[in-house]
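Structure data follow from model39.csv (CSV, C-alpha atoms and all ligand atoms):
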```csv
chain,number,residue,atom,x,y,z
G,1,MET,CA,-105.5,-58.0,-52.4
G,2,VAL,CA,-106.9,-55.5,-50.0
G,3,ASP,CA,-110.0,-53.6,-51.2
G,4,PRO,CA,-108.8,-49.9,-51.4
G,5,ALA,CA,-112.1,-48.7,-50.0
G,6,ILE,CA,-111.8,-50.8,-46.9
G,7,SER,CA,-108.2,-49.9,-46.5
G,8,VAL,CA,-108.9,-46.2,-46.6
G,9,SER,CA,-111.7,-46.4,-44.1
G,10,ALA,CA,-109.5,-48.6,-41.8
G,11,GLN,CA,-106.7,-46.0,-42.2
G,12,ASP,CA,-109.2,-43.2,-41.3
G,13,ALA,CA,-110.3,-45.0,-38.2
G,14,LEU,CA,-106.7,-45.6,-37.2
G,15,ASP,CA,-105.8,-42.0,-37.8
G,16,ALA,CA,-108.8,-40.9,-35.7
G,17,ARG,CA,-107.8,-43.2,-32.9
G,18,LEU,CA,-104.2,-42.0,-33.0
G,19,ALA,CA,-105.4,-38.3,-33.0
G,20,ARG,CA,-107.6,-39.0,-29.9
G,21,PHE,CA,-104.6,-40.8,-28.2
G,22,ARG,CA,-102.3,-37.9,-29.0
G,23,GLN,CA,-104.8,-35.4,-27.7
G,24,ARG,CA,-105.3,-37.3,-24.5
G,25,SER,CA,-101.6,-37.9,-23.9
G,26,SER,CA,-100.7,-34.3,-24.5
G,27,ALA,CA,-103.2,-33.1,-21.8
G,28,PRO,CA,-100.9,-32.1,-18.9
G,29,ALA,CA,-102.4,-34.5,-16.4
G,30,MET,CA,-101.7,-37.5,-18.8
G,31,ARG,CA,-98.3,-36.5,-20.2
G,32,ASP,CA,-96.2,-37.4,-17.1
G,33,SER,CA,-96.2,-40.0,-14.5
G,34,THR,CA,-97.1,-38.6,-11.1
G,35,ASP,CA,-93.5,-38.5,-10.0
G,36,ALA,CA,-92.4,-36.7,-13.2
G,37,MET,CA,-95.2,-34.1,-12.8
G,38,MET,CA,-94.2,-33.5,-9.2
G,39,LEU,CA,-90.6,-33.0,-10.1
G,40,ARG,CA,-91.6,-30.7,-13.0
G,41,ALA,CA,-93.7,-28.7,-10.6
G,42,ALA,CA,-90.7,-28.5,-8.2
G,43,VAL,CA,-88.4,-27.2,-11.0
G,44,PHE,CA,-91.1,-24.8,-12.2
G,45,ALA,CA,-91.5,-23.4,-8.6
G,46,ALA,CA,-87.7,-23.2,-8.1
G,47,ARG,CA,-87.5,-21.1,-11.2
G,48,VAL,CA,-90.4,-18.8,-10.3
G,49,HIS,CA,-89.0,-18.3,-6.8
G,50,ALA,CA,-85.3,-18.2,-7.8
G,51,THR,CA,-84.8,-14.7,-6.5
G,52,HIS,CA,-87.2,-15.0,-3.5
G,53,ARG,CA,-86.1,-15.5,0.1
G,54,ARG,CA,-88.2,-16.4,3.2
G,55,LYS,CA,-88.7,-13.4,5.5
G,56,GLY,CA,-87.0,-15.2,8.4
G,57,ALA,CA,-83.6,-14.1,9.8
G,58,SER,CA,-81.9,-17.0,8.2
G,59,GLY,CA,-83.1,-15.9,4.7
G,60,GLU,CA,-83.7,-19.4,3.4
G,61,PRO,CA,-84.5,-19.7,-0.3
G,62,TYR,CA,-88.2,-19.4,-0.8
G,63,VAL,CA,-88.4,-22.7,-2.6
G,64,ASN,CA,-87.6,-24.5,0.7
G,65,HIS,CA,-91.1,-23.4,1.9
G,66,VAL,CA,-93.0,-24.9,-1.0
G,67,LEU,CA,-91.0,-28.1,-0.9
G,68,GLU,CA,-91.8,-28.4,2.8
G,69,VAL,CA,-95.5,-27.8,2.0
G,70,ALA,CA,-95.5,-30.5,-0.6
G,71,GLN,CA,-93.6,-32.9,1.8
G,72,ILE,CA,-96.2,-32.3,4.5
G,73,LEU,CA,-99.0,-33.1,2.0
G,74,ALA,CA,-97.3,-36.2,0.6
G,75,GLU,CA,-96.5,-37.6,4.1
G,76,HIS,CA,-100.2,-37.2,5.1
G,77,GLY,CA,-101.6,-39.0,2.1
G,78,ALA,CA,-102.9,-36.0,0.2
G,79,PRO,CA,-103.8,-36.8,-3.4
G,80,PRO,CA,-101.1,-36.2,-6.1
G,81,GLU,CA,-102.9,-33.1,-7.5
G,82,ALA,CA,-102.8,-31.5,-4.0
G,83,VAL,CA,-99.1,-32.3,-3.7
G,84,VAL,CA,-98.4,-30.7,-7.1
G,85,ALA,CA,-100.6,-27.7,-6.2
G,86,GLY,CA,-98.6,-27.4,-2.9
G,87,LEU,CA,-95.4,-27.0,-4.9
G,88,LEU,CA,-97.1,-24.3,-7.1
G,89,HIS,CA,-99.3,-22.6,-4.5
G,90,ASP,CA,-97.3,-19.4,-4.3
G,91,THR,CA,-96.2,-19.1,-8.0
G,92,VAL,CA,-99.1,-16.9,-9.1
G,93,GLU,CA,-99.3,-14.7,-6.0
G,94,ASP,CA,-95.5,-14.2,-5.7
G,95,SER,CA,-94.9,-13.4,-9.4
G,96,SER,CA,-97.7,-10.9,-9.8
G,97,ASP,CA,-95.3,-8.0,-10.0
G,98,ASP,CA,-92.8,-9.8,-12.3
G,99,PRO,CA,-92.5,-8.7,-16.0
G,100,ASP,CA,-93.8,-12.1,-17.0
G,101,PRO,CA,-96.2,-13.1,-14.2
G,102,ILE,CA,-97.4,-16.7,-13.9
G,103,THR,CA,-101.1,-16.8,-14.8
G,104,HIS,CA,-103.8,-19.3,-14.1
G,105,GLU,CA,-103.9,-20.1,-17.8
G,106,ARG,CA,-100.2,-20.9,-17.8
G,107,LEU,CA,-100.7,-23.3,-14.9
G,108,VAL,CA,-103.7,-24.9,-16.8
G,109,ASP,CA,-101.4,-25.4,-19.8
G,110,GLU,CA,-98.5,-26.8,-17.9
G,111,PHE,CA,-100.3,-28.8,-15.1
G,112,GLY,CA,-103.9,-29.1,-16.0
G,113,GLU,CA,-107.2,-27.6,-14.9
G,114,GLN,CA,-107.5,-29.5,-11.6
G,115,VAL,CA,-104.0,-28.4,-10.2
G,116,ALA,CA,-104.5,-24.8,-11.5
G,117,CYS,CA,-107.9,-24.5,-9.8
G,118,ILE,CA,-106.4,-25.7,-6.4
G,119,VAL,CA,-103.7,-23.1,-6.8
G,120,ALA,CA,-106.3,-20.4,-7.6
G,121,GLU,CA,-108.2,-21.3,-4.4
G,122,ALA,CA,-105.0,-20.9,-2.4
G,123,THR,CA,-104.1,-17.6,-4.0
G,124,ASP,CA,-104.9,-14.2,-2.4
G,125,ASP,CA,-106.1,-11.3,-4.4
G,126,LYS,CA,-103.2,-9.0,-4.1
G,127,SER,CA,-105.2,-6.0,-5.3
G,128,LEU,CA,-106.9,-6.0,-1.8
G,129,PRO,CA,-105.3,-4.4,1.3
G,130,LYS,CA,-103.5,-6.9,3.5
G,131,GLU,CA,-105.9,-6.8,6.4
G,132,THR,CA,-108.8,-7.5,4.0
G,133,ARG,CA,-107.0,-10.4,2.6
G,134,LYS,CA,-106.3,-11.8,6.0
G,135,ALA,CA,-110.0,-11.4,7.0
G,136,LEU,CA,-111.1,-13.1,3.8
G,137,GLN,CA,-108.9,-16.1,4.5
G,138,VAL,CA,-110.7,-16.7,7.8
G,139,LYS,CA,-114.1,-16.1,6.2
G,140,GLU,CA,-113.7,-18.2,3.1
G,141,ALA,CA,-111.6,-21.2,4.5
G,142,SER,CA,-114.6,-23.5,5.1
G,143,ALA,CA,-115.9,-23.0,1.5
G,144,LYS,CA,-112.7,-24.3,-0.2
G,145,SER,CA,-112.4,-27.7,-1.9
G,146,GLN,CA,-111.0,-30.6,0.1
G,147,ALA,CA,-107.7,-30.4,-1.8
G,148,ALA,CA,-107.4,-26.6,-1.3
G,149,LYS,CA,-108.0,-27.0,2.4
G,150,MET,CA,-105.2,-29.5,2.6
G,151,VAL,CA,-102.8,-27.2,0.7
G,152,LYS,CA,-103.7,-24.2,2.8
G,153,LEU,CA,-103.4,-26.1,6.1
G,154,ALA,CA,-99.9,-27.4,5.1
G,155,ASP,CA,-99.0,-23.8,4.1
G,156,LYS,CA,-100.0,-22.6,7.6
G,157,ILE,CA,-98.1,-25.4,9.3
G,158,SER,CA,-94.9,-24.5,7.4
G,159,ASN,CA,-95.4,-20.8,8.2
G,160,LEU,CA,-96.0,-21.4,11.9
G,161,ARG,CA,-92.8,-23.5,12.1
G,162,ALA,CA,-91.0,-20.6,10.4
G,163,ILE,CA,-92.5,-17.9,12.7
G,164,ALA,CA,-91.6,-19.9,15.8
G,165,MET,CA,-88.1,-21.0,14.7
G,166,SER,CA,-86.8,-18.3,12.3
G,167,PRO,CA,-89.0,-15.2,12.6
G,168,PRO,CA,-88.6,-12.1,10.4
G,169,ALA,CA,-86.1,-9.8,12.1
G,170,SER,CA,-88.5,-7.0,12.0
G,171,TRP,CA,-91.4,-8.9,13.6
G,172,ASP,CA,-91.7,-8.1,17.4
G,173,HIS,CA,-93.2,-10.6,19.8
G,174,ALA,CA,-96.8,-9.2,19.6
G,175,ARG,CA,-96.8,-9.5,15.8
G,176,ARG,CA,-95.7,-13.1,16.0
G,177,VAL,CA,-98.4,-13.9,18.5
G,178,GLU,CA,-101.0,-12.1,16.3
G,179,TYR,CA,-99.8,-14.2,13.3
G,180,VAL,CA,-100.1,-17.5,15.1
G,181,GLY,CA,-103.6,-16.5,16.4
G,182,TRP,CA,-104.7,-15.6,12.9
G,183,ALA,CA,-103.4,-18.8,11.4
G,184,GLY,CA,-105.4,-20.7,14.1
G,185,ARG,CA,-108.6,-18.8,13.1
G,186,VAL,CA,-108.0,-19.7,9.4
G,187,ALA,CA,-107.3,-23.3,10.3
G,188,ILE,CA,-110.7,-23.7,12.0
G,189,GLY,CA,-112.4,-23.5,8.5
G,190,LEU,CA,-109.8,-25.8,6.9
G,191,ARG,CA,-110.4,-28.7,9.3
G,192,GLY,CA,-112.0,-32.0,8.3
G,193,ALA,CA,-110.3,-32.5,4.9
G,194,ASN,CA,-107.4,-34.6,6.4
G,195,PRO,CA,-107.4,-35.6,10.0
G,196,GLY,CA,-103.6,-36.2,10.0
G,197,LEU,CA,-103.0,-32.6,8.8
G,198,ASP,CA,-105.5,-31.3,11.4
G,199,ALA,CA,-103.5,-33.1,14.2
G,200,LEU,CA,-100.2,-31.8,12.8
G,201,PHE,CA,-101.6,-28.3,12.7
G,202,ASP,CA,-102.8,-28.5,16.3
G,203,ALA,CA,-99.4,-29.8,17.5
G,204,THR,CA,-97.5,-27.1,15.5
G,205,TYR,CA,-99.9,-24.4,16.8
G,206,ARG,CA,-99.4,-25.5,20.4
G,207,ALA,CA,-95.6,-25.6,20.0
G,208,ALA,CA,-95.5,-22.1,18.5
G,209,MET,CA,-97.7,-20.7,21.3
G,210,VAL,CA,-95.6,-22.4,24.0
G,211,ARG,CA,-92.4,-21.1,22.4
G,212,LEU,CA,-93.8,-17.6,22.2
G,213,ALA,CA,-95.1,-17.7,25.8
G,214,ALA,CA,-91.6,-18.8,27.0
G,215,GLU,CA,-90.1,-15.7,25.2
G,216,ALA,CA,-92.6,-13.2,26.7
C,1,ZN,ZN,-97.0,-20.5,1.1
```

Please lay out the structure from this file as structure tokens.
Amino acid sequence: MVDPAISVSAQDALDARLARFRQRSSAPAMRDSTDAMMLRAAVFAARVHATHRRKGASGEPYVNHVLEVAQILAEHGAPPEAVVAGLLHDTVEDSSDDPDPITHERLVDEFGEQVACIVAEATDDKSLPKETRKALQVKEASAKSQAAKMVKLADKISNLRAIAMSPPASWDHARRVEYVGWAGRVAIGLRGANPGLDALFDATYRAAMVRLAAEA
């Protein structure tokens, strides 16, 4: 017969182990496999951006942009947390005027601290004037984490492709040239985190400049 005292303490130990396991497995980073978390982030981004369109003449759904950013990151060996952050990188900034904006805390709850912090590093402070935000991106790029540098560089690659291939109808040639030049200045500070992304940025930058020069 089992001694009740031993049985109770064994049960306590088991309960404590189970509680620790549940706590761990309910932490966002542990709850899903990497693939499941990526798909969850893609669905989350698609919902946040459901009514958003890219500025380009073709008016693509905005989620195409964040999917492209995530694809660029995944194809260049970026760590999973950077790919997930790539999917989510515009959710806070682009929902700030919504009735129920996406907050940093919400991303921490859903995707964990690490992903939420990468997104925060890639999020502009929209209370600042646009020119100030653009200047800050140049100034602060080199101080970002490695993962945030990758996300921001992939974002710039996607945006340069769009500016060259499907520019906003209201952007004249000079504005497009200015944008490409600015992206190049931000990218200087983002270099070094991922050589493959650096090379892809350089090729995309050159192609955009060649295309714009041909149109001038
Ligand atoms: Zn973006």

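For the pair atom CA of Val138 of chain G and atom CA of Arg54 of chain G, the separation is 23.0 Å.
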
How close does each residue of segment 132-162 of chain G get to segment 181-199 of chain G, giving the shortest atom pair and distance in Å to one decimal for every residue with an atom at most 8 Å away, counting all atoms listed in the file, sorted by chain and residue number, as a Markdown table?
```
| residue | atom | partner | partner_atom | distance |
| --- | --- | --- | --- | --- |
| G:Gln137 | CA | G:Val186 | CA | 6.1 |
| G:Val138 | CA | G:Val186 | CA | 4.3 |
| G:Lys139 | CA | G:Val186 | CA | 7.8 |
| G:Glu140 | CA | G:Gly189 | CA | 7.7 |
| G:Ala141 | CA | G:Gly189 | CA | 4.7 |
| G:Ser142 | CA | G:Gly189 | CA | 4.0 |
| G:Ala143 | CA | G:Gly189 | CA | 7.8 |
| G:Lys144 | CA | G:Leu190 | CA | 7.8 |
| G:Gln146 | CA | G:Ala193 | CA | 5.2 |
| G:Ala147 | CA | G:Ala193 | CA | 7.5 |
| G:Lys149 | CA | G:Leu190 | CA | 5.0 |
| G:Met150 | CA | G:Ala193 | CA | 6.3 |
| G:Lys152 | CA | G:Leu190 | CA | 7.5 |
| G:Leu153 | CA | G:Ala187 | CA | 6.4 |
| G:Ala154 | CA | G:Leu197 | CA | 7.1 |
| G:Lys156 | CA | G:Ala183 | CA | 6.4 |
| G:Leu160 | CA | G:Ala183 | CA | 7.9 |
```

Exercise for the section: Would you work out the distance separating atom CA of Glu75 of chain G from atom CA of Val43 of chain G, expressed in Å to one decimal? Expected result: 20.0 Å

Exercise for the section: Around ligand ZN 1 (chain C), at most 12 Å away and counting only C-alpha atoms and all ligand atoms, which residues are there? Put them as a ChimeraX atom specification, please. Expected result: /G:45,49,54-55,62-70,85-94,119,122-124,151-160,162

Exercise for the section: Would you mind reading off the distance between atom CA of Thr51 of chain G and atom CA of Ser170 of chain G, one decimal, in Å? Expected result: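 According to the coordinates, atom CA of Thr51 of chain G and atom CA of Ser170 of chain G are separated by 20.4 Å.
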
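The nearest approach to Arg175 of chain G among the residues G:Ala50, G:Ile118, G:Ile163, G:Leu128, with only C-alpha atoms taken into account, belongs to G:Ile163.
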
Handout entry: Nearest to Ala42 of chain G, chosen from G:Val83, G:Ala78, G:Ala216, G:Ala57, with only C-alpha atoms counted in the distances
Key = G:Val83

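Counting all atoms listed in the file, Ala116 of chain G has the following residues at most 8 Å away, ignoring those fewer than 2 positions along the same chain: G:Ala85, G:His104, G:Glu105, G:Leu107, G:Val108, G:Phe111, G:Gly112, G:Glu113, G:Gln114, G:Ile118, G:Val119, G:Ala120.
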
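Proximity to Asp97 of chain G was assessed for G:Ala207, G:Met165, G:Ala74, G:Val48 counting only C-alpha atoms; the smallest distance is recorded for G:Val48.
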